[in-house]
Every structure is written in C-alpha cells, then in structure tokens.
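Novice: First the structure, which I've put down as structure tokens, then a few questions once you've had a look.
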Amino acid sequence: MTSLGLDIDPAVDVSVSATLAAVEDALRSNVASADPLVAEASRHLMDAGGKRFRPLILALGAQMGDPSRAEIVPAALVVELTHLATLYHDDVMDEATVRRGAPSANARWGNSVAILIGDYLFARAADIAASLGPEAVHLQARTFARLVHGQIAETVGPRGSDPIEHHLSVIADKTASLIATSARFGGLFSGVTPAQVEALTGYGETIGIAFQLSDDLLDIASESVQSGKTPGTDLREGVPTLPVLYALADDDTDGAAVRLRELLASGPLVDDALHAEALGLLRESAAMKRARETVRTYAEEARAQLAGLPAGSPRRAMESLCDFIADRTS
C-alpha cells in the first residue's frame with residue numbers, strides 16, 4: 001500500500017491510495033500562480049516527491065468514518081501544503097543545498113525567494129482551511145504556532161534543560177503536531193465521534209514522534225540513500241539526534257564508548273575519516289540500541305491510543321503502521 005508498502009486490507013488500500021492520488025493531483029493545481037517564478041518555485045519540492053506521510057495519516061484516520069466525504073482531500077491539502085511550507089523555511093535556516101535529492105529552493109533561487117514561497121504555501125493552506133470552516137482554521141493556526149515554537153526551541157537549544165527531554169519536546173512540536181492534526185482532520189471530516197477524534201489525535205501525535213525518531217535513526221543505520229539523504233548527514237552537520245544525545249549522556253568506560261563521546265563532543269564531523277569512524281561506532285553502540293527501543297516504545301504507545309477505536313480493517317491498518325515504524329531501523 002502507498003509508498004510505505006504496508007500490508008493491510010485490500011479495500012482499505014484501494015480507498016487510501018485513491019485519496020492520496022487525488023491529493024497529489026490537487027497539490028499542483030493549488031499552488032498555481034500567474035507569476036511563472038512563483039509557480040515554478042512552489043512546485044519545486046512537490047515535484048521532488050516525498051512520503052506524503054501526513055496525507056497518509058489523514059486518509060487512514062478517515063477510514064474510521066466515511067473517507068469519501070468531500071472535505072477529506074482539501075483537509076489533506078492543508079496539512080501537506082503546511083508541511084511543504086516549513087521545508088522551504090527549514091532549508092533557509094539550515095543553509096541546506098539539497099532537499100529530496102534535488103537542489104534546495106534557497107540554493108536555486110536564494111533565501112529571500114525561498115522564504116516567500118514558504119509564505120505563499122502557508123497562505124494557500126490557510127485559504128483552503130477557511131473553506132473547511134472555523135474549526136479547521138483554528139486548528140491549522142494553532143498547529144502552525146506549535147511548529148514555530150518547535151523551530152525556535154531547536155534554534156536556541158536546551159538552555160539548561162535536559163538535552164534529551166528538550167530534543168523530544170522539539171520533535172513533538174516541530175513534527176508530531178502536524179501529524180496529530182492530520183489524524184484529527186481525518187476523524188473530524190469523516191464524521192466519527194468526538195471520542196474517536198481524540199483517540200486519532202493522540203495516535204497521530206505519538207506516531208509522529210516515532211516516525212521522526214526512526215527517520216533520524218535511518219540516517220545512521222542505512223547503507224544507502226534509504227533515508228532520503230547520504231547516510232551520516234546529521235553527524236557531518238553536527239545535528240544532535242537521539243542516538244547522539246544518548247551516547248553523549250552515557251558514562252560507559254568501554255573504549256569504544258569513550259572514543260565515540262570524544263568524536264561527538266568535537267562538533268560537526270566534516271573530516272571523512274573521523275566521520276566514518278564515528279558512524280561505525282554509533283551504529284554498534286548501546287546508544288543506538290537504546291534509541292531503537294525508544295522508537296518502539298512510542299510506536300507501542302501509538303498503538304495503545306487506538307484502543308478506543310472500533311476493531312476492524314482501518315484500525316489494523318494503523319496498527320500496521322506502528323509495526324512498520326518500529327521495525328524500519330532494526
């Protein structure tokens with residue numbers, strides 16, 4: 001099923017895949033502009049592909065009610081356009097040169113254009129949300145506020161708080177908030193009960209944290225470009241992901257653990273030999289094992305959030321996603 005290849009009921013697969021196909025078609029028409037530069041730059045990351053994880057979560061949530069309702073595809077557009085907008089802004093802040101295997105928008109057109117295109121996509125998302133009613137507008141705005149809080153917290157750092165708790169809080173705001181909103185929209189607009197909407201929202205928040213953590217682990221564990229970027233990119237750039245934070249907090253006196261801490265504490269590992277050494281040590285470390293266990297804990301917590309939903313194929317599909325995320329870095 002879909003780009004993630006989940007093993008689920010064929011009827012759910014067909015329905016979800018149809019929703020995602022409709023979203024893909026609608027994305028392009030909804031970033032159209034009379035200005036050729038705006039149109040081209042807005043399509044840039046869209047054309048580069050992506051997992052469409054947020055529309056997938058929304059489509060799965062909608063399976064609990066009536067997934068054929070007219071609001072489902074526009075709601076998915078709101079979350080995906082919001083997500084795409086944040087990527088334009090993130091790449092400017094990170095001074096990234098590549099995104100999804102293609103030159104980043106800021107590398108191609110400059111920072112000012114990339115920022116403005118992100119703003120344009122936020123505006124398009126807000127316009128579509130307005131067509132869905134006041135609740136959608138409020139939810140998109142509040143989610144946007146969480147995204148900004150998460151980005152600010154990541155930018156300024158822990159400021160005296162525990163680095164691991166800070167990191168998980170950043171992920172909750174910067175990534176999981178929009179995935180929670182995706183699940184909530186799926187429930188709201190497919191007509192499920194308020195209790196089921198809350199269960200879906202909790203599932204989205206928790207599976208969102210697990211998803212981001214597993215993505216970060218793939219950057220370390222993958223031997224290929226499975227993660228969408230060259231393995232070890234975060235290490236090379238000095239990005240403190242969960243395995244790195246666990247390794248730095250470890251007090252193990254084993255020679256490999258001590259050497260790994262020395263390498264990680266030195267900052268971005270731009271030297272190829274040191275980078276390769278750190279990547280090898282991190283892959284075999286207790287910190288990596290602990291990070292995998294943390295991903296599995298969040299995936300199981302997400303599964304527990306589904307307990308209040310009716311048993312059946314849609315719920316099994318969402319449980320299958322928990323298994324996929326827990327197992328993808330093993």
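Residues are referred to by chain and number: the chain letter is A, B, ... according to the order shown in the structure tokens, the number counts from 1 in that chain, and ligands are numbered separately from 1 in the order shown.
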Counting only C-alpha atoms, which residues of region 72-152 of chain A sit at most 9 Å from some atom of region 180-202 of chain A, and what is each one's closest atom pair with its distance in Å to one decimal, listed by chain and rising residue number, as a tab-separated table?
Specialist:
```
residue	atom	partner	partner_atom	distance
A:Ile72	CA	A:Phe189	CA	6.2
A:Ala75	CA	A:Phe185	CA	6.5
A:Ala76	CA	A:Ser182	CA	7.1
A:Val78	CA	A:Ser182	CA	8.9
A:Val79	CA	A:Ser182	CA	6.3
A:Glu80	CA	A:Ser182	CA	8.9
A:Ala136	CA	A:Phe185	CA	7.9
A:Leu139	CA	A:Thr181	CA	7.3
A:Gln140	CA	A:Thr181	CA	7.7
A:Thr143	CA	A:Thr181	CA	7.2
```
Novice: Report as an NGL selection string all protein, DNA and RNA residues lying within 9 Å of Glu237 (chain A), evaluated on only C-alpha atoms, omitting residues in the same chain fewer than 4 positions from it.
Specialist: :A and (232-233 or 267-270)
Novice: Set the distance at 7 Å and use only C-alpha atoms: which residues neighbour region 293-310 of chain A once local chain neighbours fewer than 3 positions away are removed? I'd like the list as a list in words.
Specialist: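 Answer for this query is Gln196, Ala199, Gly202, Tyr203, Thr206, Ile207, Ala210, Leu213, Ser214, Lys289, Arg290, Glu319, Cys322, Ile325 and Ala326 of chain A.
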Novice: Take the selection from the previous step and output its residues with C-alpha atoms, as a short mmCIF file (atom, residue, chain, number, x, y, z; two decimals), in the first residue's frame.
Specialist:
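Below is the file that was written, selection-v3.cif:
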```cif
data_model
loop_
_atom_site.label_atom_id
_atom_site.label_comp_id
_atom_site.auth_asym_id
_atom_site.auth_seq_id
_atom_site.Cartn_x
_atom_site.Cartn_y
_atom_site.Cartn_z
CA GLN A 196 -12.76 8.74 18.32
CA ALA A 199 -8.13 8.86 20.03
CA GLY A 202 -3.39 11.02 20.32
CA TYR A 203 -2.35 8.35 17.82
CA THR A 206 2.65 9.69 19.20
CA ILE A 207 3.19 8.01 15.84
CA ALA A 210 8.12 7.68 16.46
CA LEU A 213 12.91 9.44 15.53
CA SER A 214 13.01 6.49 13.13
CA LYS A 289 20.13 0.19 20.67
CA ARG A 290 18.52 2.43 23.28
CA GLU A 319 -1.52 -0.76 13.82
CA CYS A 322 3.14 1.16 14.15
CA ILE A 325 7.94 2.33 12.02
CA ALA A 326 9.17 0.21 14.93
#
```
Novice: What residues in region 71-224 of chain A get the DSSP label alpha helix (DSSP H)? Please answer as number ranges by chain.
Specialist: A: 72-94, 105-109, 111-132, 134-156, 163-171, 177-190, 194-221
